[in-house]
Structure formats: structure tokens, C-alpha cells
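Next comes start_29.pdb, with PDB, C-alpha atoms, pLDDT in the B column.
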ATOM      1  CA  MET A   1     -17.548 -11.353   3.219  1.00 96.00           C
ATOM      2  CA  LEU A   2     -16.080  -8.155   4.668  1.00 98.00           C
ATOM      3  CA  PHE A   3     -14.841  -5.212   2.586  1.00 98.00           C
ATOM      4  CA  GLY A   4     -12.534  -2.290   3.293  1.00 98.00           C
ATOM      5  CA  ILE A   5     -11.029   0.591   1.380  1.00 98.00           C
ATOM      6  CA  GLY A   6      -7.686   2.303   1.790  1.00 98.00           C
ATOM      7  CA  TYR A   7      -6.047   5.443   0.472  1.00 98.00           C
ATOM      8  CA  ASP A   8      -2.644   7.034   0.897  1.00 98.00           C
ATOM      9  CA  ILE A   9      -0.717   9.906  -0.672  1.00 98.00           C
ATOM     10  CA  HIS A  10       2.823  11.140  -0.091  1.00 97.00           C
ATOM     11  CA  LYS A  11       4.811  14.026  -1.495  1.00 97.00           C
ATOM     12  CA  LEU A  12       7.724  13.320  -3.842  1.00 98.00           C
ATOM     13  CA  VAL A  13      11.078  14.711  -2.644  1.00 97.00           C
ATOM     14  CA  GLU A  14      14.778  14.437  -3.416  1.00 97.00           C
ATOM     15  CA  ASN A  15      17.136  12.156  -1.489  1.00 96.00           C
ATOM     16  CA  ARG A  16      14.585   9.405  -0.849  1.00 97.00           C
ATOM     17  CA  LYS A  17      14.169   6.003  -2.498  1.00 96.00           C
ATOM     18  CA  LEU A  18      10.924   5.428  -4.368  1.00 98.00           C
ATOM     19  CA  VAL A  19       9.314   2.206  -3.163  1.00 98.00           C
ATOM     20  CA  LEU A  20       5.894   1.089  -4.400  1.00 98.00           C
ATOM     21  CA  GLY A  21       4.407  -2.295  -3.598  1.00 98.00           C
ATOM     22  CA  GLY A  22       7.705  -3.285  -2.021  1.00 97.00           C
ATOM     23  CA  VAL A  23       9.558  -2.641  -5.304  1.00 98.00           C
ATOM     24  CA  GLU A  24      12.299  -0.031  -5.579  1.00 97.00           C
ATOM     25  CA  PHE A  25      12.087   2.196  -8.653  1.00 97.00           C
ATOM     26  CA  ASP A  26      15.035   3.830 -10.387  1.00 95.00           C
ATOM     27  CA  TYR A  27      13.669   7.380 -10.128  1.00 97.00           C
ATOM     28  CA  PRO A  28      15.297  10.627  -8.980  1.00 97.00           C
ATOM     29  CA  LEU A  29      12.600  11.325  -6.378  1.00 97.00           C
ATOM     30  CA  GLY A  30      11.144   9.305  -3.517  1.00 97.00           C
ATOM     31  CA  LEU A  31       8.174   9.599  -1.208  1.00 97.00           C
ATOM     32  CA  LEU A  32       8.441  11.592   1.998  1.00 96.00           C
ATOM     33  CA  GLY A  33       7.210   9.800   5.099  1.00 94.00           C
ATOM     34  CA  HIS A  34       8.024   8.405   8.515  1.00 92.00           C
ATOM     35  CA  SER A  35       8.447   4.881   7.132  1.00 94.00           C
ATOM     36  CA  ASP A  36       9.573   4.149   3.565  1.00 96.00           C
ATOM     37  CA  ALA A  37       6.277   5.871   2.548  1.00 97.00           C
ATOM     38  CA  ASP A  38       5.166   3.037   0.249  1.00 98.00           C
ATOM     39  CA  VAL A  39       1.682   4.361  -0.587  1.00 98.00           C
ATOM     40  CA  VAL A  40       0.666   1.067  -2.198  1.00 98.00           C
ATOM     41  CA  LEU A  41       1.293  -1.009   0.915  1.00 98.00           C
ATOM     42  CA  HIS A  42      -0.151   1.706   3.165  1.00 98.00           C
ATOM     43  CA  ALA A  43      -3.385   1.714   1.161  1.00 98.00           C
ATOM     44  CA  VAL A  44      -3.534  -2.091   1.331  1.00 98.00           C
ATOM     45  CA  CYS A  45      -2.988  -1.983   5.110  1.00 98.00           C
ATOM     46  CA  ASP A  46      -5.819   0.511   5.524  1.00 98.00           C
ATOM     47  CA  ALA A  47      -8.127  -1.566   3.301  1.00 98.00           C
ATOM     48  CA  LEU A  48      -7.422  -4.698   5.362  1.00 98.00           C
ATOM     49  CA  LEU A  49      -7.823  -2.875   8.662  1.00 98.00           C
ATOM     50  CA  GLY A  50     -11.079  -1.345   7.441  1.00 98.00           C
ATOM     51  CA  ALA A  51     -12.493  -4.685   6.346  1.00 98.00           C
ATOM     52  CA  ALA A  52     -11.673  -6.164   9.751  1.00 98.00           C
ATOM     53  CA  ALA A  53     -13.025  -3.079  11.578  1.00 98.00           C
ATOM     54  CA  LEU A  54      -9.622  -2.581  13.220  1.00 98.00           C
ATOM     55  CA  GLY A  55      -9.180   1.159  12.725  1.00 97.00           C
ATOM     56  CA  ASP A  56      -6.492   2.565  10.464  1.00 97.00           C
ATOM     57  CA  ILE A  57      -2.778   2.439   9.819  1.00 96.00           C
ATOM     58  CA  GLY A  58      -2.116   5.579  11.877  1.00 95.00           C
ATOM     59  CA  GLU A  59      -3.617   3.975  14.976  1.00 96.00           C
ATOM     60  CA  HIS A  60      -1.439   0.874  14.723  1.00 96.00           C
ATOM     61  CA  PHE A  61       1.755   2.429  13.351  1.00 95.00           C
ATOM     62  CA  PRO A  62       1.741   6.114  14.369  1.00 92.00           C
ATOM     63  CA  ASP A  63       4.322   8.426  12.824  1.00 90.00           C
ATOM     64  CA  THR A  64       4.969   9.733  16.341  1.00 93.00           C
ATOM     65  CA  ASP A  65       6.481   6.388  17.371  1.00 91.00           C
ATOM     66  CA  PRO A  66      10.221   6.197  16.629  1.00 91.00           C
ATOM     67  CA  LYS A  67      10.120   2.403  16.242  1.00 90.00           C
ATOM     68  CA  TRP A  68       8.403   2.850  12.851  1.00 91.00           C
ATOM     69  CA  LYS A  69      10.938   5.448  11.609  1.00 91.00           C
ATOM     70  CA  GLY A  70      12.381   4.327   8.269  1.00 89.00           C
ATOM     71  CA  ILE A  71      10.763   0.874   8.472  1.00 94.00           C
ATOM     72  CA  SER A  72       9.936  -1.027   5.305  1.00 95.00           C
ATOM     73  CA  SER A  73       6.191  -0.989   4.752  1.00 97.00           C
ATOM     74  CA  LYS A  74       6.449  -4.725   4.096  1.00 97.00           C
ATOM     75  CA  HIS A  75       6.743  -5.116   7.878  1.00 97.00           C
ATOM     76  CA  LEU A  76       3.682  -2.932   8.439  1.00 97.00           C
ATOM     77  CA  LEU A  77       1.726  -5.120   6.021  1.00 98.00           C
ATOM     78  CA  LEU A  78       2.887  -8.335   7.693  1.00 98.00           C
ATOM     79  CA  LYS A  79       1.840  -6.954  11.095  1.00 98.00           C
ATOM     80  CA  THR A  80      -1.509  -5.899   9.610  1.00 98.00           C
ATOM     81  CA  VAL A  81      -2.088  -9.408   8.252  1.00 98.00           C
ATOM     82  CA  ALA A  82      -1.362 -10.788  11.736  1.00 98.00           C
ATOM     83  CA  LEU A  83      -3.977  -8.414  13.206  1.00 98.00           C
ATOM     84  CA  VAL A  84      -6.506  -9.556  10.592  1.00 98.00           C
ATOM     85  CA  ARG A  85      -5.804 -13.188  11.459  1.00 97.00           C
ATOM     86  CA  GLU A  86      -6.251 -12.431  15.178  1.00 97.00           C
ATOM     87  CA  ARG A  87      -9.707 -11.158  14.185  1.00 97.00           C
ATOM     88  CA  ARG A  88     -10.242 -14.656  12.691  1.00 97.00           C
ATOM     89  CA  CYS A  89     -10.288 -13.456   9.091  1.00 98.00           C
ATOM     90  CA  THR A  90      -8.355 -14.412   5.975  1.00 97.00           C
ATOM     91  CA  VAL A  91      -7.669 -12.284   2.940  1.00 98.00           C
ATOM     92  CA  ASN A  92      -9.808 -13.074  -0.066  1.00 97.00           C
ATOM     93  CA  ASN A  93      -8.539 -10.485  -2.536  1.00 98.00           C
ATOM     94  CA  VAL A  94      -7.014  -7.027  -2.947  1.00 98.00           C
ATOM     95  CA  ASP A  95      -7.373  -4.539  -5.798  1.00 98.00           C
ATOM     96  CA  VAL A  96      -5.023  -1.536  -5.957  1.00 98.00           C
ATOM     97  CA  ILE A  97      -4.826   1.506  -8.199  1.00 98.00           C
ATOM     98  CA  ILE A  98      -1.682   3.634  -8.197  1.00 98.00           C
ATOM     99  CA  LEU A  99      -2.105   7.280  -9.173  1.00 98.00           C
ATOM    100  CA  ALA A 100       1.188   8.623 -10.529  1.00 97.00           C
ATOM    101  CA  GLN A 101       2.134  10.938 -13.351  1.00 95.00           C
ATOM    102  CA  LYS A 102       5.652   9.450 -13.317  1.00 94.00           C
ATOM    103  CA  PRO A 103       7.368   7.042 -13.228  1.00 96.00           C
ATOM    104  CA  LYS A 104       5.634   4.539 -15.461  1.00 94.00           C
ATOM    105  CA  ILE A 105       4.421   1.640 -13.338  1.00 94.00           C
ATOM    106  CA  GLY A 106       3.661  -1.039 -15.939  1.00 92.00           C
ATOM    107  CA  SER A 107       7.016  -2.810 -15.962  1.00 93.00           C
ATOM    108  CA  LYS A 108       6.916  -3.313 -12.176  1.00 97.00           C
ATOM    109  CA  LYS A 109       3.269  -4.339 -11.699  1.00 97.00           C
ATOM    110  CA  LEU A 110       3.928  -8.078 -11.796  1.00 97.00           C
ATOM    111  CA  GLU A 111       6.708  -7.809  -9.203  1.00 97.00           C
ATOM    112  CA  MET A 112       4.434  -5.735  -6.932  1.00 98.00           C
ATOM    113  CA  LYS A 113       1.634  -8.261  -7.373  1.00 98.00           C
ATOM    114  CA  LYS A 114       3.925 -11.163  -6.447  1.00 98.00           C
ATOM    115  CA  ASN A 115       5.226  -9.320  -3.366  1.00 98.00           C
ATOM    116  CA  ILE A 116       1.784  -8.426  -2.082  1.00 98.00           C
ATOM    117  CA  ALA A 117       0.392 -11.910  -2.720  1.00 98.00           C
ATOM    118  CA  GLU A 118       3.295 -13.486  -0.830  1.00 98.00           C
ATOM    119  CA  TRP A 119       2.943 -11.135   2.144  1.00 98.00           C
ATOM    120  CA  LEU A 120      -0.840 -11.631   2.243  1.00 98.00           C
ATOM    121  CA  ASP A 121      -0.367 -15.406   1.863  1.00 97.00           C
ATOM    122  CA  VAL A 122      -2.760 -15.568  -1.097  1.00 97.00           C
ATOM    123  CA  ASP A 123      -2.486 -16.742  -4.687  1.00 97.00           C
ATOM    124  CA  ALA A 124      -1.201 -13.989  -6.996  1.00 97.00           C
ATOM    125  CA  GLY A 125      -4.488 -14.293  -8.885  1.00 97.00           C
ATOM    126  CA  ARG A 126      -6.152 -12.675  -5.853  1.00 98.00           C
ATOM    127  CA  VAL A 127      -4.107  -9.458  -6.162  1.00 98.00           C
ATOM    128  CA  ASN A 128      -4.666  -6.853  -8.849  1.00 98.00           C
ATOM    129  CA  ILE A 129      -2.485  -3.805  -9.530  1.00 98.00           C
ATOM    130  CA  LYS A 130      -3.553  -0.977 -11.836  1.00 97.00           C
ATOM    131  CA  ALA A 131      -2.051   2.431 -12.520  1.00 97.00           C
ATOM    132  CA  THR A 132      -3.257   5.690 -13.989  1.00 96.00           C
ATOM    133  CA  THR A 133      -2.061   9.237 -14.390  1.00 94.00           C
ATOM    134  CA  MET A 134      -4.029  12.261 -13.280  1.00 92.00           C
ATOM    135  CA  GLU A 135      -3.732  14.012 -16.662  1.00 92.00           C
ATOM    136  CA  GLY A 136      -1.884  16.955 -15.141  1.00 89.00           C
ATOM    137  CA  VAL A 137      -4.583  17.624 -12.526  1.00 91.00           C
ATOM    138  CA  ASP A 138      -3.752  18.201  -8.817  1.00 94.00           C
ATOM    139  CA  ALA A 139      -0.497  17.429  -6.969  1.00 94.00           C
ATOM    140  CA  VAL A 140      -0.278  13.920  -8.435  1.00 96.00           C
ATOM    141  CA  GLY A 141      -0.848  15.208 -11.961  1.00 93.00           C
ATOM    142  CA  ARG A 142       1.837  17.862 -11.494  1.00 95.00           C
ATOM    143  CA  GLY A 143       4.310  15.154 -10.430  1.00 94.00           C
ATOM    144  CA  GLU A 144       4.484  16.417  -6.832  1.00 97.00           C
ATOM    145  CA  ALA A 145       3.013  13.308  -5.184  1.00 98.00           C
ATOM    146  CA  ILE A 146       1.993   9.689  -5.686  1.00 98.00           C
ATOM    147  CA  ALA A 147      -1.202   8.179  -4.284  1.00 98.00           C
ATOM    148  CA  ALA A 148      -2.784   4.744  -4.095  1.00 98.00           C
ATOM    149  CA  GLN A 149      -6.250   3.390  -3.416  1.00 98.00           C
ATOM    150  CA  ALA A 150      -7.047  -0.176  -2.433  1.00 98.00           C
ATOM    151  CA  ILE A 151     -10.057  -2.328  -1.720  1.00 98.00           C
ATOM    152  CA  ALA A 152      -9.769  -5.601   0.157  1.00 98.00           C
ATOM    153  CA  SER A 153     -12.180  -8.401   0.926  1.00 98.00           C
ATOM    154  CA  LEU A 154     -11.847 -10.741   3.863  1.00 98.00           C
ATOM    155  CA  CYS A 155     -13.523 -14.027   4.703  1.00 97.00           C
ATOM    156  CA  GLU A 156     -14.471 -14.651   8.308  1.00 96.00           C
ATOM    157  CA  ASP A 157     -13.078 -17.955   9.526  1.00 88.00           C
ATOM    158  CA  PRO A 158     -15.644 -20.417  10.905  1.00 84.00           C
TER     159      PRO A 158
END

Here is the file; what I need is its structure written in the form of C-alpha cells.
Amino acid sequence: MLFGIGYDIHKLVENRKLVLGGVEFDYPLGLLGHSDADVVLHAVCDALLGAAALGDIGEHFPDTDPKWKGISSKHLLLKTVALVRERRCTVNNVDVIILAQKPKIGSKKLEMKKNIAEWLDVDAGRVNIKATTMEGVDAVGRGEAIAAQAIASLCEDP
């Protein structure tokens, strides 16, 4: 069994859609980034890449490359899964925690879980989504940013 961790944080700004786990939220602010800035999927990508010892998301999808400008992070995750499979590994499970003061995440967790499971080609029971606030501490707690952490396990194919 191989394990990897991932983390991402992006600043909240006006005039951007808020997308987390491939789900669009009705919220007046969105995350600033080169792609759609989906911190959940970025953290999952980094966790998968780490478990497979394949570097990090910035190496594979650099924000200096215009082909990734505005791209849905779903496509980054699908490409990451392909890289993991080239390494002869399959996803066992993923656990994600979203750190956000607002918006409330609970009503969208199941939809995020279903998306991620589909894109990882695993049973939804192998994906876990949690959320917490930062109790007013740091940029996330002040509502200036949203972050996500993920851990992934991979099985090496025989």
C-alpha cells in the first residue's frame, strides 16, 4: 500500500465561480487561480501524485502553461489518475477535509463524493469528504481563503 498527502489553498475573490470537488456553489466569491482553483481536487491530485512518487500538481500542470488556464480541475484529476495507472497503481481510497469558514459545505458533500469516486473509478464508499471551519483563525477563518487537505492510498498492481 502506498500513501500520499495533498494540500491546497486559494484566495477568495469577486467575479469567480466557487467550485469545490467539481461542484459549483451559489456563493458571491470564488477561488483565484490559473485553473478553476478547485482546492479539493487539487489536494486530491497532490495526494495521488505523492502516493505514486510522481512529484506534485505544479510539475504536471504548471500555472505558467497557458493550456491549463481556466481548465476544470476535473480534467487535472483525470490526467492524474492516468499517470497513477501508468505507474501500475490503482486508487484504494481518498479522505479529504475542506477548511472553509463559509459557505457551509454539508449539503454538497455527497455530490462531491460521487464526483470524485466516479473520476477516480472507485466505489463511493472509498471516498470521504469532511469540512471544518477555522474558528476565525488565519486567512481561512477570516473568510479570505479556502483550503483542502487530502490523503490517498494506492495499491500497486501485480

Checklist entry - In Å, how far is it from CA of Gly22 in chain A to CA of Asp138 in chain A? => result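 CA of Gly22 in chain A sits 25.3 Å away from CA of Asp138 in chain A.
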
Checklist entry - So, counting only C-alpha atoms, which residue among A:Trp119, A:Phe61, A:Trp68, A:Tyr27 is closest to Leu49 in chain A? => result A:Phe61

Next on the checklist: From the options A:Ser73, A:Asn115, A:Asn92, A:Thr80, which residue's atoms come nearest to Cys45 in chain A, counting only C-alpha atoms?
Outcome noted: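 Among A:Ser73, A:Asn115, A:Asn92, A:Thr80, it is A:Thr80 that comes nearest to Cys45 in chain A.
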
Checklist entry - Can you tell me, as a VMD selection string, what residues are no more than 10 Å from Val122 in chain A when counting only C-alpha atoms, ignoring any on the same chain fewer than 3 positions away? => result chain A and resid 90 to 94 114 116 to 119 125 to 127

Next on the checklist: Expand the PyMOL selection byres ((chain A and resi 95) around 12) into the explicit residue set it covers here, and present it as a PyMOL selection string.
Outcome noted: chain A and resi 3-7+40-41+43-44+47-48+91-94+96-98+112-113+116-117+124-131+148-153

Checklist outcome for this item: Here CA of His34 in chain A and CA of Lys69 in chain A stand apart by 5.2 Å

Item to check | Between CA of Ala52 in chain A and CA of Pro158 in chain A, distance in Å (one decimal) | outcome: 14.8 Å

Item to check | Matched chain/residue IDs from the PyMOL selection byres ((chain A and resi 9) around 6), as a ChimeraX atom specification | outcome: /A:8,10,146-147

Checklist entry - Which residues come within 12 Å of Gly136 in chain A, counting only C-alpha atoms, excluding same-chain residues fewer than 3 positions away, as a list in words? => result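 After dropping sequence-adjacent residues, the list is Leu99, Ala100, Gln101, Lys102, Thr132, Thr133, Ala139, Val140, Gly141, Arg142, Gly143, Glu144 and Ala145 of chain A.
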
Next on the checklist: the PyMOL selection byres ((chain A and resi 157) around 6) - which residues does that actually catch in the file I just gave you? List them as a VMD selection string.
Outcome noted: chain A and resid 88 to 89 156 158

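Considering the residues A:Arg87, A:Asp56, A:Glu111, A:Leu120 and counting only C-alpha atoms, His75 in chain A has its shortest atom-to-atom contact with A:Leu120.
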
Next on the checklist: Nearest residue to Gly50 in chain A out of A:Val19, A:Leu110, A:Leu29, A:Leu2, using all atoms listed in the file?
Outcome noted: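 Counting all atoms listed in the file, the residue closest to Gly50 in chain A is A:Leu2.
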
Next on the checklist: Here is a test: counting all atoms listed in the file, which residue of A:Val23, A:Leu12, A:Leu18, A:Ala51 is nearest to Lys108 in chain A?
Outcome noted: A:Val23

Checklist entry - When distances are computed from all atoms listed in the file, which of A:Leu78, A:Ser107, A:Ile57, A:Arg85 shows the smallest separation from Leu154 in chain A? => result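 Of all the options, A:Arg85 lies closest to Leu154 in chain A.
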
Enclose the full set of atoms of range 143-155 of chain A listed in the file within a box whose edges lie along x, y and z, apply 4 Å of padding to each of the six sides, and report centre and edge lengths in Å to one decimal as AutoDock Vina command-line options.
--center_x -4.5 --center_y 1.2 --center_z -2.9 --size_x 26.0 --size_y 38.4 --size_z 23.1
